[in-house]
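S.K.: Here it is, the structure, as structure tokens.
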Amino acid sequence: MHGFPPVADAAARFVSLERVALRYGGAGGTLAVSGLDLAIRRGEFAAVVGPSGCGKSTLMKLVTGLAPASEGAVIVGGREVSGPLKIVGMAFQNPTLLPWRTTLENVLLPLEIVSPYKATFRRDRERHVARARALLATVGLAGFEDKYPWQLSGGMQQRASLCRALIHEPELLMLDEPFAALDAFTREELWAVLQDLWLERRFTCILVTHDLREAVYLADTVHVMSARPGRIIETRAVPLPRPRDLEASFTPAFVDIVHALRERIAAARTAT
Amino acid sequence: MSPRLQAAVMPWLVVAGLFIAWEVLVLAARLPPFVLPAPSAVFASLAEFSGPIAHHALHTLATTLAGFALSVVGGVALGVAVGSSAVAYRALLPVLIGFNSVPKVAIVPVLIIWFGIGAVPAVLTAFLISFFPITVNVATGIATLEPELRDVLRSLGASRVEILRKVGLPRAAPYFFASLKVAITLAFVGSIISETVGSNEGVGYLMIQASSRFQIPLVFAALLVVAAMGIAMYSLFAILERRMTFWATRSVEAAYATGS
């Protein structure tokens with residue numbers, strides 16, 4: 001399959017940011033993003049790349065409703081975002097697993113909190129446990145369900161963190177540099193894991209990263225952000241067939257895209 | 001000697017060494033018993049007055065534990081309030097710190113005027129002196145929740161109460177159990193201070209009575225009993241801590257083991 005072309009018609013947009021600005025700390029505060037336009041289709045895998053400190057994490061907070069926009073509109077699923085969204089799964093560079101819960105119990109956490117699962121969690125516990133075990137098995141964590149997070153390696157913790165972000169079948173998965181703290185080999189392994197999950201479940205995904213190879217490997221569309229105050233200065237489709245593998249990341253087509261993005265970001269950095 | 005055995009034996013060796021050094025010092029310096037009694041004299045006094053000492057020690061233990069129980073309840077409640085709300089934090093913390101800085105021995109006479117001579121001032125003093133470390137620790141455990149984790153929970157639609165229940169309180173548990181060890185020893189200090197100022201019972205009363213009659217070996221015997229009770233309670237809460245929050249200490253050990 002091929003990547004999505006940039007979104008043209010408004011109806012196809014699942015996530016839409018229109019002329020959004022966010023200023024931290026009141027009127028005289030830092031302008032984190034300004035004039036931010038972004039459109040992502042339902043089921044699309046989007047990556048956002050940019051120089052460090054460009055407001056990528058701010059973008060995450062805006063889309064999930066954890067931070068309100070100072071100007072402009074953030075629209076997700078046809079509705080303007082006014083508070084924390086409940087259709088989102090999130091994972092970060094820090095796996096933030098709870099050390100007093102086993103891996104399985106960590107993955108089950110969202111089901112204890114998010115409706116509609118919350119109300120019937122106890123009654124349906126066995127079914128949820130079976131689902132969590134199956135999900136853990138798909139990311140290669142079968143047999144580690146009853147281990148505590150501190151007994152797992154960093155890569156395994158991040159796999160469990162992905163499972164926790166997906167167990168409640170969110171429509172939107174937000175990933176904030178989820179693999180940045182891992183070694184290169186583990187990171188590339190997890191690209192494949194994430195791609196498999198996405199191909200199977202087709203959630204909409206926004207991946208914030210500063211790893212251009214990661215962005216091109218995983219995404220249908222790569223958005224480049226400018227230096228602070230951040231805005232999207234380029235959107236590039238990745239028309240490479242799926243499933244992609246590591247070999248594909250060494251083909252000229254792949255390398256050309258990475259190269260073009262690299263130059264665009266270099267230009268964005270020197271512009272400040 | 002295996003490291004395990006060594007860890008078990010060492011504290012006893014240190015205590016024995018301390019007593020021997022003390023005995024030698026008293027003998028060598030020919031100190032009279034009313035200045036510093038030798039451990040042998042202290043133990044003799046302990047045996048001679050074992051009945052009254054046990055009676056007063058149990059009284060002190062009871063008032064201490066009552067005050068400590070109050071401070072667990074009050075300390076946790078205040079800690080949760082201070083730790084989970086920035087407003088409560090700013091509003092309450094200065095008062096708490098100011099209050100904690102007041103010497104409790106100055107409050108005891110007031111408590112005695114209010115509640116009379118007896119167990120009540122001792123229980124209250126034990127409470128007043130020991131709730132602060134619990135409050136501060138619980139508040140720290142709750143307030144230092146990772147922002148990413150808070151984001152994950154909020155994006156799941158978790159209410160403040162749910163965040164507190166699922167993450168805040170379990171996260172504060174190691175801090176809480178650590179503070180119990182400090183609080184229980186402080187509670188002993190509180191109840192004994194109160195007993196020395198105004199009481200008819202308890203180790204503090206016993207010590208005041210004994211020292212007014214120059215029975216200094218008995219004073220020291222009572223002190224030893226208090227120290228022993230303090231160690232016993234501390235150990236109890238240390239065991240409880242290991243049981244309840246094994247994940248907090250184990251993760252440190254695991255980190256050392258893997259060298260990360």
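The chains in the structure tokens are called A, B, ... from first to last as shown; in each chain the residues are counted from 1, and the ligands are counted from 1 in the order shown.
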Could you list, as a ChimeraX atom specification, every residue within 10 Å of Ala32 in chain A, counting only C-alpha atoms and ignoring same-chain residues fewer than 5 positions away?

M.R.: /A:21-24,53-59,227-231

S.K.: Next, write the just-selected residues to a file, as a JSON list (two decimals), in the first residue's frame, keeping N, CA and C atoms as the atom set.

M.R.:
[["chain", "number", "residue", "atom", "x", "y", "z"],
["A", 21, "ALA", "N", -1.98, 28.73, 18.01],
["A", 21, "ALA", "CA", -0.86, 29.29, 18.76],
["A", 21, "ALA", "C", -1.01, 28.85, 20.21],
["A", 22, "LEU", "N", 0.12, 28.63, 20.88],
["A", 22, "LEU", "CA", 0.09, 28.35, 22.31],
["A", 22, "LEU", "C", 1.21, 29.12, 22.98],
["A", 23, "ARG", "N", 0.82, 29.91, 23.96],
["A", 23, "ARG", "CA", 1.78, 30.71, 24.71],
["A", 23, "ARG", "C", 1.77, 30.22, 26.14],
["A", 24, "TYR", "N", 2.93, 29.84, 26.63],
["A", 24, "TYR", "CA", 3.01, 29.40, 28.03],
["A", 24, "TYR", "C", 3.22, 30.61, 28.93],
["A", 53, "GLY", "N", 13.39, 21.53, 20.80],
["A", 53, "GLY", "CA", 12.79, 22.75, 21.34],
["A", 53, "GLY", "C", 11.87, 23.45, 20.38],
["A", 54, "CYS", "N", 11.36, 22.72, 19.37],
["A", 54, "CYS", "CA", 10.51, 23.39, 18.39],
["A", 54, "CYS", "C", 9.04, 23.30, 18.75],
["A", 55, "GLY", "N", 8.72, 22.67, 19.89],
["A", 55, "GLY", "CA", 7.32, 22.62, 20.28],
["A", 55, "GLY", "C", 6.63, 21.33, 19.85],
["A", 56, "LYS", "N", 7.40, 20.26, 19.61],
["A", 56, "LYS", "CA", 6.79, 19.00, 19.22],
["A", 56, "LYS", "C", 5.93, 18.44, 20.35],
["A", 57, "SER", "N", 6.46, 18.54, 21.57],
["A", 57, "SER", "CA", 5.70, 18.02, 22.71],
["A", 57, "SER", "C", 4.48, 18.89, 22.97],
["A", 58, "THR", "N", 4.59, 20.18, 22.67],
["A", 58, "THR", "CA", 3.43, 21.07, 22.79],
["A", 58, "THR", "C", 2.33, 20.61, 21.85],
["A", 59, "LEU", "N", 2.73, 20.21, 20.65],
["A", 59, "LEU", "CA", 1.77, 19.70, 19.68],
["A", 59, "LEU", "C", 1.00, 18.51, 20.27],
["A", 227, "ALA", "N", 11.82, 25.96, 13.91],
["A", 227, "ALA", "CA", 12.28, 26.27, 15.25],
["A", 227, "ALA", "C", 11.22, 27.13, 15.93],
["A", 228, "ARG", "N", 11.31, 27.22, 17.24],
["A", 228, "ARG", "CA", 10.34, 27.92, 18.06],
["A", 228, "ARG", "C", 10.17, 29.37, 17.64],
["A", 229, "PRO", "N", 8.98, 29.93, 17.55],
["A", 229, "PRO", "CA", 7.70, 29.25, 17.76],
["A", 229, "PRO", "C", 7.36, 28.30, 16.62],
["A", 230, "GLY", "N", 7.02, 27.06, 16.95],
["A", 230, "GLY", "CA", 6.90, 26.02, 15.95],
["A", 230, "GLY", "C", 5.69, 26.15, 15.06],
["A", 231, "ARG", "N", 5.91, 25.82, 13.79],
["A", 231, "ARG", "CA", 4.79, 25.65, 12.85],
["A", 231, "ARG", "C", 5.24, 24.65, 11.81]]

S.K.: Give the residues of chain B that lie within 6 Å of chain A; count only C-alpha atoms, and format the answer as a ChimeraX atom specification.

M.R.: /B:149,152,155-158,247,251

S.K.: Could you give me the residues within range 26-202 of chain B that DSSP places in helix (DSSP H, G or I), as an MDAnalysis selection string?

M.R.: chainID B and resid 26:29 39:48 50:84 86:101 104:106 108:115 119:143 147:155 160:197

S.K.: List every residue of range 7-73 of chain A that DSSP, applied to the backbone of this structure, places in strand (DSSP E), and write the result as a PyMOL selection string.

M.R.: chain A and resi 13-24+30-41+45-49+71-73

S.K.: Go ahead and dump the residues you just picked, N, CA and C atoms, as a JSON list (two decimals), in the first residue's frame.

M.R.:
[["chain", "number", "residue", "atom", "x", "y", "z"],
["A", 13, "ARG", "N", -10.48, 14.82, 7.25],
["A", 13, "ARG", "CA", -9.58, 15.12, 8.37],
["A", 13, "ARG", "C", -10.09, 14.49, 9.66],
["A", 14, "PHE", "N", -9.20, 13.82, 10.35],
["A", 14, "PHE", "CA", -9.54, 13.30, 11.67],
["A", 14, "PHE", "C", -8.97, 14.21, 12.75],
["A", 15, "VAL", "N", -7.72, 14.61, 12.52],
["A", 15, "VAL", "CA", -7.10, 15.59, 13.41],
["A", 15, "VAL", "C", -6.81, 16.83, 12.58],
["A", 16, "SER", "N", -7.22, 17.96, 13.08],
["A", 16, "SER", "CA", -7.04, 19.18, 12.31],
["A", 16, "SER", "C", -6.67, 20.34, 13.24],
["A", 17, "LEU", "N", -5.53, 20.96, 12.95],
["A", 17, "LEU", "CA", -5.13, 22.15, 13.70],
["A", 17, "LEU", "C", -5.16, 23.32, 12.74],
["A", 18, "GLU", "N", -5.84, 24.39, 13.12],
["A", 18, "GLU", "CA", -5.97, 25.53, 12.23],
["A", 18, "GLU", "C", -5.46, 26.80, 12.90],
["A", 19, "ARG", "N", -4.39, 27.31, 12.35],
["A", 19, "ARG", "CA", -3.76, 28.56, 12.83],
["A", 19, "ARG", "C", -3.63, 28.56, 14.36],
["A", 20, "VAL", "N", -3.10, 27.48, 14.90],
["A", 20, "VAL", "CA", -3.06, 27.35, 16.35],
["A", 20, "VAL", "C", -1.80, 28.02, 16.93],
["A", 21, "ALA", "N", -1.98, 28.73, 18.01],
["A", 21, "ALA", "CA", -0.86, 29.29, 18.76],
["A", 21, "ALA", "C", -1.01, 28.85, 20.21],
["A", 22, "LEU", "N", 0.12, 28.63, 20.88],
["A", 22, "LEU", "CA", 0.09, 28.35, 22.31],
["A", 22, "LEU", "C", 1.21, 29.12, 22.98],
["A", 23, "ARG", "N", 0.82, 29.91, 23.96],
["A", 23, "ARG", "CA", 1.78, 30.71, 24.71],
["A", 23, "ARG", "C", 1.77, 30.22, 26.14],
["A", 24, "TYR", "N", 2.93, 29.84, 26.63],
["A", 24, "TYR", "CA", 3.01, 29.40, 28.03],
["A", 24, "TYR", "C", 3.22, 30.61, 28.93],
["A", 30, "THR", "N", 6.42, 32.49, 26.88],
["A", 30, "THR", "CA", 7.06, 31.95, 25.69],
["A", 30, "THR", "C", 6.00, 31.49, 24.69],
["A", 31, "LEU", "N", 6.21, 31.86, 23.44],
["A", 31, "LEU", "CA", 5.34, 31.40, 22.38],
["A", 31, "LEU", "C", 5.89, 30.07, 21.88],
["A", 32, "ALA", "N", 5.23, 28.95, 22.23],
["A", 32, "ALA", "CA", 5.76, 27.62, 21.90],
["A", 32, "ALA", "C", 5.46, 27.27, 20.44],
["A", 33, "VAL", "N", 4.21, 27.48, 20.04],
["A", 33, "VAL", "CA", 3.86, 27.27, 18.63],
["A", 33, "VAL", "C", 3.03, 28.46, 18.18],
["A", 34, "SER", "N", 3.07, 28.72, 16.86],
["A", 34, "SER", "CA", 2.32, 29.85, 16.33],
["A", 34, "SER", "C", 2.00, 29.58, 14.87],
["A", 35, "GLY", "N", 0.76, 29.87, 14.47],
["A", 35, "GLY", "CA", 0.35, 29.64, 13.08],
["A", 35, "GLY", "C", 0.50, 28.19, 12.67],
["A", 36, "LEU", "N", 0.17, 27.29, 13.59],
["A", 36, "LEU", "CA", 0.36, 25.86, 13.35],
["A", 36, "LEU", "C", -0.84, 25.29, 12.61],
["A", 37, "ASP", "N", -0.60, 24.80, 11.39],
["A", 37, "ASP", "CA", -1.64, 24.12, 10.62],
["A", 37, "ASP", "C", -1.23, 22.68, 10.42],
["A", 38, "LEU", "N", -2.17, 21.77, 10.67],
["A", 38, "LEU", "CA", -1.84, 20.36, 10.51],
["A", 38, "LEU", "C", -3.13, 19.60, 10.27],
["A", 39, "ALA", "N", -3.10, 18.67, 9.31],
["A", 39, "ALA", "CA", -4.29, 17.86, 9.04],
["A", 39, "ALA", "C", -3.87, 16.41, 8.90],
["A", 40, "ILE", "N", -4.58, 15.54, 9.59],
["A", 40, "ILE", "CA", -4.25, 14.11, 9.56],
["A", 40, "ILE", "C", -5.53, 13.33, 9.35],
["A", 41, "ARG", "N", -5.48, 12.37, 8.41],
["A", 41, "ARG", "CA", -6.67, 11.57, 8.12],
["A", 41, "ARG", "C", -6.89, 10.48, 9.16],
["A", 45, "PHE", "N", -0.81, 7.31, 9.58],
["A", 45, "PHE", "CA", 0.34, 7.34, 10.49],
["A", 45, "PHE", "C", 1.14, 8.58, 10.14],
["A", 46, "ALA", "N", 1.12, 9.56, 11.03],
["A", 46, "ALA", "CA", 1.81, 10.81, 10.77],
["A", 46, "ALA", "C", 3.02, 10.93, 11.69],
["A", 47, "ALA", "N", 4.09, 11.48, 11.17],
["A", 47, "ALA", "CA", 5.25, 11.75, 12.02],
["A", 47, "ALA", "C", 5.51, 13.24, 12.01],
["A", 48, "VAL", "N", 5.93, 13.77, 13.15],
["A", 48, "VAL", "CA", 6.30, 15.19, 13.22],
["A", 48, "VAL", "C", 7.76, 15.24, 13.64],
["A", 49, "VAL", "N", 8.57, 15.88, 12.80],
["A", 49, "VAL", "CA", 10.00, 15.99, 13.10],
["A", 49, "VAL", "C", 10.38, 17.46, 13.15],
["A", 71, "GLU", "N", -4.70, 30.43, 20.63],
["A", 71, "GLU", "CA", -5.39, 30.95, 19.45],
["A", 71, "GLU", "C", -5.66, 29.79, 18.51],
["A", 72, "GLY", "N", -6.65, 29.95, 17.63],
["A", 72, "GLY", "CA", -6.92, 28.93, 16.63],
["A", 72, "GLY", "C", -7.73, 27.78, 17.19],
["A", 73, "ALA", "N", -7.94, 26.77, 16.34],
["A", 73, "ALA", "CA", -8.82, 25.67, 16.72],
["A", 73, "ALA", "C", -8.12, 24.33, 16.56]]

S.K.: Here is a test: counting only C-alpha atoms, which residue of B:Ala143, B:Phe177, B:Ala228, B:Gly198 is nearest to Arg243 in chain B?

M.R.: B:Phe177

S.K.: Point out the residue among B:Ile231, B:Leu240, B:Val35, B:Val225 with the least atom-to-atom distance to Ser50 in chain B, counting only C-alpha atoms.

M.R.: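 The closest residue to Ser50 in chain B is B:Val225.
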
S.K.: Could you jot down the CA of Lys147 in chain A to CA of Leu166 in chain A separation for me, Å, one decimal place?

M.R.: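 Computed distance, CA of Lys147 in chain A to CA of Leu166 in chain A, equals 19.6 Å.
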
S.K.: Measure the distance from CA of Ala27 in chain A to CA of Ser85 in chain B in Å and round it to one decimal.

M.R.: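 So the answer is 25.0 Å.
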
S.K.: Hey, which of A:Phe250, A:Phe179, A:Phe185, A:Trp191 ends up closest to Thr209 in chain A? Count only C-alpha atoms.

M.R.: A:Phe179

S.K.: In Å, with one decimal, what is the gap from CA of Ile233 in chain A to CA of Pro51 in chain A?

M.R.: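 Taking CA of Ile233 in chain A as the start and CA of Pro51 in chain A as the end point, the length is 12.0 Å.
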
S.K.: Near range 210-216 of chain B, within 12 Å and counting only C-alpha atoms, which residues show up once chain neighbours fewer than 2 positions away are dropped, as number ranges by chain?

M.R.: B: 32-39, 41-43, 45-46, 49, 52-53, 196, 203-208, 218-223

S.K.: If we count only C-alpha atoms, what is near Ala266 in chain A at a cut-off of 12 Å, once residues fewer than 6 positions away on the same chain are taken out, given as a PDB file with C-alpha atoms, in the first residue's frame?

M.R.:
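In the end it all went to around_15.pdb:
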ATOM      1  CA  VAL A  49       9.996  15.985  13.103  1.00  0.00           C
ATOM      2  CA  GLY A  50      11.933  19.140  13.822  1.00  0.00           C
ATOM      3  CA  PRO A  51      14.848  20.692  15.644  1.00  0.00           C
ATOM      4  CA  SER A  52      14.860  20.245  19.399  1.00  0.00           C
ATOM      5  CA  VAL A 224       8.572  19.171   9.483  1.00  0.00           C
ATOM      6  CA  MET A 225       8.333  21.795  12.218  1.00  0.00           C
ATOM      7  CA  SER A 226      10.243  25.045  12.311  1.00  0.00           C
ATOM      8  CA  ALA A 227      12.276  26.275  15.252  1.00  0.00           C
ATOM      9  CA  HIS A 259      18.026  13.317   2.907  1.00  0.00           C
ATOM     10  CA  ALA A 260      15.448  15.863   1.750  1.00  0.00           C
ATOM     11  CA  THR A 272      16.824  31.237  13.746  1.00  0.00           C
TER      12      THR A 272
END

S.K.: Can you tell me which residues surround Ser84 in chain B at a distance of at most 8 Å, considering only C-alpha atoms, apart from same-chain residues fewer than 6 positions away, and format the answer as a VMD selection string?

M.R.: chain B and resid 139 142 to 143 164

S.K.: Keeping N, CA and C atoms, export the residues of the selection given above as a PDB file, in the first residue's frame.

M.R.:
ATOM      1  N   ALA B 139       3.168  13.836  51.319  1.00  0.00           N
ATOM      2  CA  ALA B 139       3.002  14.934  50.359  1.00  0.00           C
ATOM      3  C   ALA B 139       4.051  14.844  49.256  1.00  0.00           C
ATOM      4  N   ILE B 142       3.279  12.054  46.738  1.00  0.00           N
ATOM      5  CA  ILE B 142       2.161  12.348  45.843  1.00  0.00           C
ATOM      6  C   ILE B 142       2.531  13.457  44.863  1.00  0.00           C
ATOM      7  N   ALA B 143       3.244  14.470  45.355  1.00  0.00           N
ATOM      8  CA  ALA B 143       3.525  15.642  44.519  1.00  0.00           C
ATOM      9  C   ALA B 143       4.570  15.361  43.449  1.00  0.00           C
ATOM     10  N   LEU B 164      -5.185   9.844  42.311  1.00  0.00           N
ATOM     11  CA  LEU B 164      -4.665   9.679  43.664  1.00  0.00           C
ATOM     12  C   LEU B 164      -4.696   8.210  44.082  1.00  0.00           C
TER      13      LEU B 164
END
